[in-house]
file protein_6.txt (compact mmCIF, C-alpha atoms)
# COMPACT_ATOMS: atom_id res chain seq x y z
CA MET A 1 99.00 123.44 75.81
CA GLN A 2 96.92 126.59 76.19
CA ASP A 3 95.96 126.45 72.50
CA ILE A 4 94.76 122.87 72.97
CA LEU A 5 92.69 123.82 76.01
CA GLU A 6 91.15 126.78 74.18
CA ALA A 7 90.19 124.52 71.26
CA ILE A 8 88.48 122.10 73.65
CA MET A 9 86.77 124.90 75.55
CA ALA A 10 85.40 126.29 72.27
CA ALA A 11 83.10 123.26 72.19
CA GLU A 12 81.39 124.42 75.40
CA GLY A 13 77.92 125.65 74.48
CA SER A 14 78.44 124.94 70.79
CA ASP A 15 75.62 123.34 68.77
CA GLN A 16 78.27 121.34 66.93
CA PRO A 17 81.03 120.47 69.44
CA GLU A 18 82.42 117.80 67.11
CA ARG A 19 83.16 120.43 64.47
CA GLU A 20 84.91 122.64 67.03
CA LEU A 21 87.00 119.74 68.30
CA ALA A 22 88.01 118.55 64.84
CA GLY A 23 90.28 121.59 64.58
CA ILE A 24 92.50 120.14 67.27
CA ALA A 25 94.15 118.00 64.60
CA GLY A 26 95.89 121.07 63.21
CA LEU A 27 97.48 122.13 66.48
CA PRO A 28 101.11 121.22 67.24
CA VAL A 29 101.84 118.67 69.93
CA PRO A 30 103.57 120.29 72.92
CA GLU A 31 107.16 119.24 73.54
CA SER A 32 106.39 118.76 77.23
CA TYR A 33 103.48 118.66 79.64
CA ARG A 34 102.74 118.63 83.36
CA GLY A 35 102.25 115.25 85.00
CA VAL A 36 101.98 113.81 88.49
CA VAL A 37 105.07 111.69 89.11
CA VAL A 38 106.89 109.61 91.65
CA ARG A 39 110.69 109.67 91.43
CA ALA A 40 113.06 106.74 91.42
CA ASP A 41 115.50 108.45 93.76
CA GLU A 42 112.82 108.76 96.46
CA THR A 43 111.66 105.16 96.75
CA ARG A 44 113.29 104.74 100.18
CA MET A 45 111.77 107.88 101.68
CA PHE A 46 109.26 105.98 103.83
CA ASP A 47 111.56 103.22 105.07
CA GLY A 48 110.76 102.27 108.64
CA LEU A 49 107.28 103.81 108.66
CA ALA A 50 104.04 101.89 109.07
CA THR A 51 101.83 101.84 105.97
CA ARG A 52 99.30 104.20 107.53
CA ASP A 53 102.00 106.78 108.29
CA LYS A 54 103.32 106.98 104.74
CA ASP A 55 102.11 110.25 103.20
CA PRO A 56 101.32 110.37 99.44
CA ARG A 57 101.63 114.17 99.55
CA LYS A 58 105.39 113.81 100.04
CA ALA A 59 105.94 111.43 97.15
CA LEU A 60 103.62 112.76 94.43
CA HIS A 61 105.05 115.70 92.50
CA VAL A 62 103.65 117.78 89.64
CA GLN A 63 106.46 118.41 87.17
CA GLU A 64 107.08 119.14 83.50
CA VAL A 65 107.99 116.02 81.53
CA PRO A 66 108.91 115.49 77.85
CA THR A 67 106.12 114.34 75.55
CA PRO A 68 106.98 110.76 74.47
CA GLU A 69 107.10 109.56 70.91
CA LEU A 70 103.81 108.04 69.76
CA GLY A 71 104.07 104.43 68.62
CA PRO A 72 101.97 102.27 66.27
CA GLY A 73 98.52 101.52 67.63
CA GLU A 74 98.73 104.27 70.23
CA ALA A 75 96.90 107.53 70.87
CA LEU A 76 97.91 110.78 72.54
CA VAL A 77 95.07 112.20 74.64
CA ALA A 78 94.63 115.69 76.07
CA VAL A 79 93.43 114.77 79.55
CA MET A 80 90.68 116.98 80.92
CA ALA A 81 90.17 114.96 84.11
CA SER A 82 91.35 111.85 85.91
CA ALA A 83 90.65 110.17 89.26
CA ILE A 84 92.38 108.57 92.22
CA ASN A 85 92.46 104.79 92.49
CA TYR A 86 94.05 102.69 95.17
CA ASN A 87 96.88 101.73 92.82
CA THR A 88 97.97 105.39 92.83
CA VAL A 89 98.06 105.23 96.63
CA TRP A 90 100.23 102.08 96.44
CA THR A 91 102.50 103.79 93.91
CA SER A 92 102.86 106.88 96.09
CA ILE A 93 103.89 104.92 99.21
CA PHE A 94 106.05 102.44 97.22
CA GLU A 95 104.07 99.40 98.34
CA PRO A 96 104.15 96.47 97.89
CA LEU A 97 107.19 97.47 95.82
CA PRO A 98 108.28 100.55 93.84
CA THR A 99 106.58 100.66 90.44
CA PHE A 100 109.94 101.33 88.79
CA LYS A 101 110.41 97.55 88.88
CA PHE A 102 107.39 97.28 86.56
CA LEU A 103 108.73 99.97 84.23
CA GLN A 104 112.14 98.31 83.99
CA ARG A 105 110.55 94.97 83.14
CA TYR A 106 108.31 96.55 80.49
CA GLY A 107 111.22 98.48 79.05
CA ARG A 108 113.09 95.28 78.22
CA ILE A 109 110.48 94.07 75.71
CA SER A 110 111.29 96.33 72.75
CA GLU A 111 112.75 99.61 71.59
CA LEU A 112 109.28 101.15 71.83
CA THR A 113 108.58 100.00 75.38
CA ARG A 114 112.00 101.26 76.48
CA ARG A 115 110.37 104.75 76.57
CA HIS A 116 108.61 103.71 79.79
CA ASP A 117 111.76 102.95 81.76
CA LEU A 118 112.49 106.39 83.16
CA PRO A 119 113.66 107.86 86.49
CA TYR A 120 110.14 109.23 86.95
CA HIS A 121 106.75 107.57 86.65
CA VAL A 122 103.72 109.55 85.43
CA VAL A 123 100.90 107.85 87.30
CA GLY A 124 97.12 107.52 87.00
CA SER A 125 94.81 104.82 85.61
CA ASP A 126 91.72 106.86 84.67
CA ALA A 127 91.25 109.60 82.07
CA ALA A 128 88.64 111.53 80.14
CA GLY A 129 89.71 113.85 77.38
CA VAL A 130 90.16 114.48 73.68
CA VAL A 131 92.30 112.57 71.19
CA LEU A 132 95.15 114.75 69.87
CA ARG A 133 97.01 112.29 67.66
CA THR A 134 96.88 108.64 66.70
CA GLY A 135 99.76 106.39 65.74
CA SER A 136 100.04 104.36 62.57
CA GLY A 137 97.46 101.61 62.17
CA VAL A 138 94.75 103.32 64.24
CA THR A 139 91.46 103.57 62.34
CA ARG A 140 88.75 103.53 65.04
CA TRP A 141 89.70 106.89 66.56
CA LYS A 142 90.73 110.30 65.24
CA ALA A 143 91.86 113.68 66.56
CA GLY A 144 88.97 115.52 68.19
CA ASP A 145 87.16 112.44 69.51
CA GLU A 146 85.95 112.75 73.11
CA VAL A 147 87.01 109.63 74.95
CA VAL A 148 87.54 107.87 78.23
CA ALA A 149 90.34 105.38 78.73
CA HIS A 150 90.23 102.07 80.52
CA CYS A 151 93.47 100.88 82.08
CA LEU A 152 94.14 97.53 80.38
CA SER A 153 97.40 97.75 78.47
CA VAL A 154 98.08 94.55 76.54
CA GLU A 155 100.41 93.57 73.70
CA LEU A 156 98.16 90.81 72.25
CA GLU A 157 101.05 89.04 70.52
CA ASP A 158 100.61 85.86 72.54
CA ALA A 159 97.88 83.29 71.87
CA ALA A 160 97.06 83.20 75.59
CA GLY A 161 95.47 86.65 75.38
CA HIS A 162 93.01 85.99 72.59
CA ASP A 163 90.28 84.26 74.58
CA ASP A 164 90.52 86.68 77.49
CA THR A 165 92.97 89.55 77.18
CA MET A 166 93.46 89.58 80.96
CA LEU A 167 95.34 86.29 80.52
CA ASP A 168 97.87 87.75 78.10
CA PRO A 169 101.37 87.35 79.60
CA GLN A 170 102.06 90.99 78.68
CA GLN A 171 98.91 92.34 80.36
CA ARG A 172 99.58 95.45 82.44
CA ILE A 173 97.65 98.18 84.22
CA TRP A 174 98.25 101.49 82.48
CA GLY A 175 99.58 104.24 84.74
CA PHE A 176 100.62 101.67 87.35
CA GLU A 177 102.69 99.10 85.49
CA THR A 178 103.30 101.45 82.54
CA ASN A 179 104.37 105.08 82.30
CA PHE A 180 102.55 108.13 80.85
CA GLY A 181 99.38 107.68 82.92
CA GLY A 182 96.24 109.76 83.25
CA LEU A 183 97.08 112.13 86.11
CA ALA A 184 98.59 114.58 83.66
CA GLU A 185 97.79 117.08 80.93
CA LEU A 186 98.63 114.50 78.24
CA ALA A 187 98.55 110.70 78.29
CA VAL A 188 99.73 107.95 75.97
CA VAL A 189 97.39 104.96 75.63
CA LYS A 190 96.93 102.05 73.31
CA ALA A 191 94.03 102.79 70.96
CA ASN A 192 92.19 99.73 72.25
CA GLN A 193 91.99 101.40 75.65
CA LEU A 194 89.70 104.09 74.30
CA MET A 195 85.92 104.24 74.67
CA PRO A 196 83.37 106.96 73.86
CA LYS A 197 82.93 109.54 76.61
CA PRO A 198 79.37 109.44 78.01
CA ARG A 199 77.83 112.57 76.52
CA HIS A 200 75.70 113.55 79.51
CA LEU A 201 78.60 113.64 81.97
CA SER A 202 81.17 116.29 82.77
CA TRP A 203 84.85 115.55 82.33
CA GLU A 204 85.48 114.70 85.99
CA GLU A 205 82.34 112.53 86.16
CA ALA A 206 83.26 110.66 82.98
CA ALA A 207 86.82 110.04 84.20
CA SER A 208 85.82 108.50 87.51
CA PRO A 209 84.12 105.17 86.67
CA GLY A 210 86.78 103.61 84.38
CA LEU A 211 88.90 101.38 86.58
CA VAL A 212 86.45 100.61 89.36
CA ASN A 213 83.32 100.30 87.22
CA SER A 214 85.03 97.87 84.85
CA THR A 215 86.48 95.92 87.77
CA ALA A 216 83.06 95.61 89.41
CA TYR A 217 81.52 94.50 86.11
CA ARG A 218 83.98 91.64 85.66
CA GLN A 219 83.76 90.60 89.32
CA LEU A 220 79.99 90.47 89.45
CA VAL A 221 78.43 90.32 86.00
CA SER A 222 80.93 88.64 83.67
CA HIS A 223 81.21 84.87 83.22
CA HIS A 224 84.86 85.38 84.17
CA GLY A 225 83.67 86.50 87.59
CA ALA A 226 80.65 85.57 89.71
CA ASN A 227 78.17 85.49 86.79
CA MET A 228 75.52 87.18 88.93
CA LYS A 229 71.88 86.40 88.20
CA GLN A 230 68.52 87.83 89.25
CA GLY A 231 67.65 87.10 92.86
CA ASP A 232 71.22 86.48 94.01
CA VAL A 233 72.03 87.76 97.48
CA VAL A 234 75.27 89.73 97.08
CA LEU A 235 77.30 90.79 100.11
CA ILE A 236 79.22 93.95 99.18
CA TRP A 237 82.02 95.16 101.40
CA GLY A 238 82.66 98.92 101.32
CA ALA A 239 79.42 99.33 99.42
CA SER A 240 79.59 103.12 99.15
CA GLY A 241 83.27 103.25 98.22
CA GLY A 242 85.10 103.64 94.95
CA LEU A 243 84.61 100.01 93.96
CA GLY A 244 81.63 99.04 96.09
CA GLY A 245 79.54 101.97 94.87
CA TYR A 246 79.53 100.48 91.38
CA ALA A 247 79.01 96.92 92.64
CA THR A 248 75.93 98.11 94.52
CA GLN A 249 74.50 99.73 91.39
CA MET A 250 75.20 96.66 89.26
CA ALA A 251 73.59 94.34 91.79
CA LEU A 252 70.46 96.48 91.82
CA ASN A 253 70.40 96.82 88.02
CA GLY A 254 70.80 93.07 87.60
CA GLY A 255 67.90 92.14 89.86
CA ALA A 256 70.13 90.92 92.67
CA ILE A 257 69.72 91.72 96.37
CA PRO A 258 72.70 93.66 97.71
CA VAL A 259 73.63 93.47 101.37
CA CYS A 260 75.75 96.58 101.80
CA VAL A 261 78.48 96.64 104.44
CA VAL A 262 79.70 100.12 105.41
CA SER A 263 81.44 101.81 108.32
CA SER A 264 79.37 104.93 109.12
CA PRO A 265 75.80 106.25 109.08
CA ASP A 266 76.69 108.62 106.23
CA LYS A 267 77.88 105.72 104.09
CA ALA A 268 74.77 103.72 104.99
CA GLU A 269 72.62 106.62 103.81
CA LEU A 270 74.48 106.75 100.48
CA CYS A 271 73.70 103.07 99.92
CA ARG A 272 70.03 103.70 100.59
CA ARG A 273 70.08 106.63 98.19
CA MET A 274 71.37 104.24 95.52
CA GLY A 275 68.33 102.04 96.19
CA ALA A 276 69.77 99.40 98.53
CA GLU A 277 67.51 98.35 101.42
CA LEU A 278 69.74 95.94 103.36
CA VAL A 279 72.64 97.75 105.04
CA ILE A 280 75.02 96.77 107.84
CA ASP A 281 76.99 99.51 109.58
CA ARG A 282 79.83 97.34 110.86
CA ALA A 283 81.21 100.11 113.06
CA ALA A 284 77.89 100.86 114.74
CA GLU A 285 77.23 97.14 115.27
CA GLY A 286 80.73 96.60 116.61
CA PHE A 287 81.94 93.83 114.30
CA ARG A 288 85.59 92.98 114.98
CA PHE A 289 86.79 89.96 113.02
CA TRP A 290 90.25 89.76 114.63
CA LYS A 291 90.95 89.28 118.34
CA ASP A 292 94.55 90.33 117.75
CA GLU A 293 97.04 90.46 114.88
CA GLN A 294 97.29 86.66 114.70
CA THR A 295 93.85 85.40 115.75
CA GLN A 296 90.51 85.73 113.99
CA ASP A 297 87.25 85.65 115.97
CA GLN A 298 84.94 82.96 114.64
CA ASP A 299 82.20 84.04 117.03
CA GLU A 300 82.15 87.34 115.16
CA TRP A 301 81.92 85.47 111.87
CA ARG A 302 78.84 83.69 113.21
CA ARG A 303 77.28 86.88 114.54
CA PHE A 304 77.90 88.54 111.16
CA GLY A 305 76.27 85.61 109.34
CA GLU A 306 73.26 85.77 111.64
CA ARG A 307 72.90 89.49 110.96
CA ILE A 308 72.92 88.86 107.20
CA ARG A 309 70.25 86.16 107.53
CA GLU A 310 68.19 88.48 109.71
CA LEU A 311 68.18 91.06 106.91
CA THR A 312 67.56 88.62 104.04
CA GLY A 313 64.89 86.51 105.68
CA GLY A 314 67.20 83.57 106.23
CA ASP A 315 69.36 83.56 103.12
CA ASP A 316 73.17 83.45 103.08
CA PRO A 317 75.01 85.34 100.32
CA ASP A 318 75.23 83.64 96.93
CA ILE A 319 78.12 85.98 96.13
CA VAL A 320 80.56 87.84 98.36
CA PHE A 321 82.07 90.88 96.62
CA GLU A 322 85.42 90.88 98.41
CA HIS A 323 88.11 93.55 98.14
CA PRO A 324 89.27 94.59 101.64
CA GLY A 325 91.32 91.38 101.86
CA ARG A 326 93.04 90.31 105.03
CA GLU A 327 90.71 92.04 107.49
CA THR A 328 87.50 90.52 106.12
CA PHE A 329 88.39 87.46 104.07
CA GLY A 330 87.91 84.85 106.80
CA ALA A 331 84.43 86.21 107.48
CA SER A 332 83.68 86.31 103.73
CA VAL A 333 84.46 82.63 103.26
CA TYR A 334 82.44 81.72 106.34
CA VAL A 335 79.24 83.62 105.49
CA ALA A 336 78.96 82.63 101.81
CA LYS A 337 76.19 80.10 101.25
CA LYS A 338 76.86 76.45 100.49
CA GLY A 339 78.01 76.37 96.87
CA GLY A 340 78.47 80.12 96.93
CA THR A 341 81.19 82.29 95.40
CA ILE A 342 83.72 84.64 96.93
CA VAL A 343 85.11 86.88 94.18
CA THR A 344 88.16 88.84 95.21
CA CYS A 345 90.49 91.61 94.12
CA ALA A 346 92.50 94.53 95.55
CA SER A 347 93.15 93.41 99.16
CA THR A 348 93.36 96.98 100.40
CA SER A 349 93.68 95.91 104.07
CA GLY A 350 96.40 93.35 103.35
CA PHE A 351 97.38 90.76 100.75
CA LEU A 352 97.84 87.72 103.02
CA HIS A 353 94.38 86.21 103.44
CA GLN A 354 93.59 83.65 106.14
CA TYR A 355 90.43 81.57 106.27
CA ASP A 356 89.22 78.26 107.67
CA ASN A 357 89.30 75.87 104.73
CA ARG A 358 86.66 73.60 106.28
CA TYR A 359 84.05 76.21 105.43
CA LEU A 360 85.27 76.27 101.84
CA TRP A 361 85.84 72.65 100.94
CA MET A 362 83.08 71.00 102.99
CA HIS A 363 80.52 73.52 101.78
CA LEU A 364 81.61 73.45 98.13
CA LYS A 365 82.32 77.17 97.92
CA ARG A 366 84.52 78.80 95.29
CA ILE A 367 87.07 81.60 95.45
CA ILE A 368 87.54 83.46 92.17
CA GLY A 369 90.40 85.89 91.65
CA SER A 370 89.40 88.83 89.48
CA HIS A 371 91.69 91.52 88.10
CA PHE A 372 90.38 94.60 86.27
CA ALA A 373 88.56 93.65 83.01
CA ASN A 374 89.13 92.90 79.37
CA TYR A 375 88.24 95.39 76.63
CA ARG A 376 84.78 93.91 76.02
CA GLU A 377 83.94 94.01 79.73
CA ALA A 378 85.24 97.57 80.10
CA TRP A 379 83.25 98.62 77.01
CA GLU A 380 80.03 97.08 78.37
CA ALA A 381 80.58 98.73 81.76
CA ASN A 382 81.12 102.09 80.06
CA ARG A 383 77.99 101.54 77.94
CA LEU A 384 75.93 101.21 81.13
CA VAL A 385 77.25 104.60 82.21
CA ALA A 386 76.54 106.14 78.79
CA LEU A 387 72.95 104.84 78.91
CA GLY A 388 72.36 106.31 82.35
CA LYS A 389 71.99 102.88 83.97
CA VAL A 390 75.07 103.28 86.18
CA HIS A 391 76.07 106.66 87.57
CA PRO A 392 79.34 108.26 88.68
CA THR A 393 80.15 108.32 92.39
CA VAL A 394 82.29 111.48 92.45
CA SER A 395 82.23 113.02 95.92
CA LYS A 396 84.81 115.77 95.42
CA THR A 397 87.44 116.94 92.95
CA TYR A 398 90.88 118.48 93.19
CA ALA A 399 93.10 120.44 90.82
CA LEU A 400 96.11 118.62 89.36
CA GLU A 401 98.41 120.45 91.79
CA GLN A 402 96.44 118.93 94.70
CA THR A 403 96.72 115.31 93.59
CA GLY A 404 98.84 114.46 96.63
CA GLN A 405 96.05 115.60 98.95
CA ALA A 406 93.49 113.65 96.94
CA ALA A 407 95.58 110.47 97.23
CA TYR A 408 96.11 111.12 100.95
CA GLU A 409 92.35 111.17 101.53
CA VAL A 410 91.91 107.88 99.70
CA HIS A 411 94.83 106.37 101.65
CA ARG A 412 93.22 107.40 104.94
CA ASN A 413 89.73 106.34 103.80
CA ALA A 414 88.54 109.91 104.43
CA HIS A 415 86.48 109.93 101.23
CA GLN A 416 83.28 108.58 99.74
CA GLY A 417 82.90 107.09 96.29
CA LYS A 418 85.53 108.41 93.89
CA VAL A 419 87.82 111.43 94.19
CA GLY A 420 88.31 113.21 90.87
CA VAL A 421 91.24 115.29 89.62
CA ARG A 422 90.92 118.11 87.09
CA CYS A 423 93.89 117.98 84.73
CA LEU A 424 93.31 120.47 81.89
CA ALA A 425 89.71 121.23 82.88
CA PRO A 426 89.70 124.62 84.68
CA SER A 427 86.54 123.84 86.66
CA ASP A 428 83.93 121.20 87.36
CA GLY A 429 80.87 120.74 85.17
CA LEU A 430 82.45 121.16 81.74
CA GLY A 431 82.13 118.78 78.80
CA VAL A 432 78.40 117.98 79.06
CA ARG A 433 76.96 117.47 75.56
CA ASP A 434 73.57 115.77 76.20
CA ARG A 435 71.67 118.03 78.59
CA GLU A 436 68.39 116.20 78.14
CA LEU A 437 69.75 112.84 79.28
CA ARG A 438 71.57 114.51 82.13
CA SER A 439 68.41 116.22 83.36
CA ARG A 440 66.73 112.84 83.72
CA HIS A 441 69.50 111.57 86.01
CA GLU A 442 70.76 114.73 87.71
CA ASP A 443 69.97 113.59 91.25
CA ALA A 444 71.65 110.21 90.78
CA ILE A 445 74.72 111.78 89.17
CA ASN A 446 75.16 114.14 92.12
CA ARG A 447 74.20 111.90 95.04
CA PHE A 448 77.80 111.46 96.23
CA ARG A 449 78.71 115.14 95.85
CA GLY A 450 79.73 116.83 99.07
CA HIS A 451 80.06 113.59 101.05
call {"tool": "encode", "arguments": {"input": "protein_6.txt", "output": "structure tokens"}}
result
Amino acid sequence: MQDILEAIMAAEGSDQPERELAGIAGLPVPESYRGVVVRADETRMFDGLATRDKDPRKALHVQEVPTPELGPGEALVAVMASAINYNTVWTSIFEPLPTFKFLQRYGRISELTRRHDLPYHVVGSDAAGVVLRTGSGVTRWKAGDEVVAHCLSVELEDAAGHDDTMLDPQQRIWGFETNFGGLAELAVVKANQLMPKPRHLSWEEAASPGLVNSTAYRQLVSHHGANMKQGDVVLIWGASGGLGGYATQMALNGGAIPVCVVSSPDKAELCRRMGAELVIDRAAEGFRFWKDEQTQDQDEWRRFGERIRELTGGDDPDIVFEHPGRETFGASVYVAKKGGTIVTCASTSGFLHQYDNRYLWMHLKRIIGSHFANYREAWEANRLVALGKVHPTVSKTYALEQTGQAAYEVHRNAHQGKVGVRCLAPSDGLGVRDRELRSRHEDAINRFRGH
């Protein structure tokens, strides 16, 4: 592994980094590597505890694991950096169910997928790194290529997946519903998960957008989602967070009018630094959408709607970018304009949504479920990053050994934007190839740092 890292580090400062990296093809593949895992024999460790009290630091372990056999159409990537997503939090607290159920189901498909059904699960759904090897049939990528990986793993043997790969019955999220994820020194991906690493970004910056940026693109921009257009008023919950930070940028880039909902003055300031003008600090303004565990407060829905109209000059949201779920969904349905769209994923505050259907059916609103993105959508979202149109939202990074702490901060919402994890990268700031492009966007790239 050290030889691989030294080969990658040789590209730092080189006038021809591609030539330096090409030599990686001649290095042997390590028999094992360090990965962040949860263990099958620990899935009951949090029984009886409330969700908030379950501690990812106790369940996430860094351990040496055998390097799996590479199959047809796959690639082995030396991972320089990864990032924390909410699915890693769910995995680490074994909610809504242990991910070993997913691995067992996947393992029943074929001899090749049986590799994934193990008593440990290497987690992580983001990665930036260098291709080490490719399996048979791979022609688009070669050893030495600098890449990022999106997290759509799909078999594409069923006709249902060929109009939209997210509809394939064997669609899975890599590193969550499959093994050998990105929070590790090596990762196994399907070759059609790979995309070019943005050349002006460091490893940890390039690793951070993948899952959330692609998800935001499908939710807002794609015809599979809300199909946002210029002038649309877009209500964005958690607008400075891991997902919302990209939704805010896409709304602004697309000529829409974001109304950013946040929970602190610091988060409100981050939204303004991204260029948003309309911001609601729900904590400062005292919005409480539930009277108790069973009863929502429709007066608060109305007050929230009035506040939105006050900011927009009388307009209700054309689109509600919804991901908190249970806590906010009733209000989201209520405040969307007549004929408007609520596009939803994640449900980080709870999966059981309750809303008053009169405000949906009588006002001709639509609810659209949106889950990650297909390859084309992920590629387009990554292209926006590579062009410097959308910027990373990395606030802080941790070493691989500190992944549990990183996940804990995301679980407790004690973070801003995205939290990165250095896997093989020994420090932040490595891997930048296009200094000129970076210099034009340095402030935007770093605006979440230290928050």
call {"tool": "closest_atom_pairs", "arguments": {"input": "protein_6.txt", "of": "segment 209-238 of chain A", "to": "segment 410-419 of chain A", "cutoff": "10 Å", "atoms": "all atoms listed in the file", "output": "CSV"}}
result
residue,atom,partner,partner_atom,distance
A:Pro209,CA,A:Lys418,CA,8.0
A:Val212,CA,A:Lys418,CA,9.1
A:Gly238,CA,A:Gly417,CA,9.6
call {"tool": "closest_residue", "arguments": {"input": "protein_6.txt", "among": "A:Ser208, A:Asn192, A:Glu42, A:Leu437", "to": "Lys396 of chain A", "atoms": "all atoms listed in the file"}}
result
A:Ser208
call {"tool": "closest_residue", "arguments": {"input": "protein_6.txt", "among": "A:Thr88, A:Asn446, A:Ser349, A:Asn374", "to": "Thr403 of chain A", "atoms": "all atoms listed in the file"}}
result
A:Thr88
call {"tool": "residues_near_point", "arguments": {"input": "protein_6.txt", "point": "(77.9, 90.4, 88.1)", "cutoff": "10 Å", "atoms": "all atoms listed in the file", "output": "PyMOL selection string"}}
result
chain A and resi 216-230+232+234+247+250-251+253-254+256+319+321
call {"tool": "residues_around", "arguments": {"input": "protein_6.txt", "residues": "Phe287 of chain A", "least_positions_apart": "3", "cutoff": "8 Å", "atoms": "only C-alpha atoms", "output": "NGL selection string"}}
result
:A and (282-283 or 300 or 304)
call {"tool": "closest_residue", "arguments": {"input": "protein_6.txt", "among": "A:Glu377, A:Asp428, A:Glu322, A:Glu31", "to": "His353 of chain A", "atoms": "only C-alpha atoms"}}
result
A:Glu322
call {"tool": "axis_aligned_box", "arguments": {"input": "protein_6.txt", "around": "segment 142-157 of chain A", "padding_each_side": "5 Å", "output": "AutoDock Vina command-line options"}}
result
--center_x 93.5 --center_y 102.3 --center_z 73.7 --size_x 25.1 --size_y 36.5 --size_z 26.8
call {"tool": "closest_atom_pairs", "arguments": {"input": "protein_6.txt", "of": "segment 4-113 of chain A", "to": "segment 196-203 of chain A", "cutoff": "9 Å", "atoms": "only C-alpha atoms", "output": "Markdown table"}}
result
| residue | atom | partner | partner_atom | distance |
| --- | --- | --- | --- | --- |
| A:Met80 | CA | A:Trp203 | CA | 6.2 |
| A:Ala81 | CA | A:Trp203 | CA | 5.6 |
| A:Ser82 | CA | A:Trp203 | CA | 8.3 |
call {"tool": "atom_distance", "arguments": {"input": "protein_6.txt", "atom1": "atom CA of Glu293 of chain A", "atom2": "atom CA of Thr51 of chain A"}}
result
15.2 Å
call {"tool": "residues_near_point", "arguments": {"input": "protein_6.txt", "point": "(74.6, 108.6, 104.4)", "cutoff": "12 Å", "atoms": "only C-alpha atoms", "output": "PyMOL selection string"}}
result
chain A and resi 239-241+262-274+276+279+281+416-417+447-451
call {"tool": "residues_around", "arguments": {"input": "protein_6.txt", "residues": "Gln298 of chain A", "least_positions_apart": "3", "cutoff": "8 Å", "atoms": "only C-alpha atoms", "output": "list of chain:residue names"}}
result
A:Phe289, A:Trp301, A:Arg302, A:Ala331
call {"tool": "atom_distance", "arguments": {"input": "protein_6.txt", "atom1": "atom CA of Leu430 of chain A", "atom2": "atom CA of Glu12 of chain A"}}
result
7.2 Å
call {"tool": "atom_distance", "arguments": {"input": "protein_6.txt", "atom1": "atom CA of Gln171 of chain A", "atom2": "atom CA of Leu103 of chain A"}}
result
13.0 Å
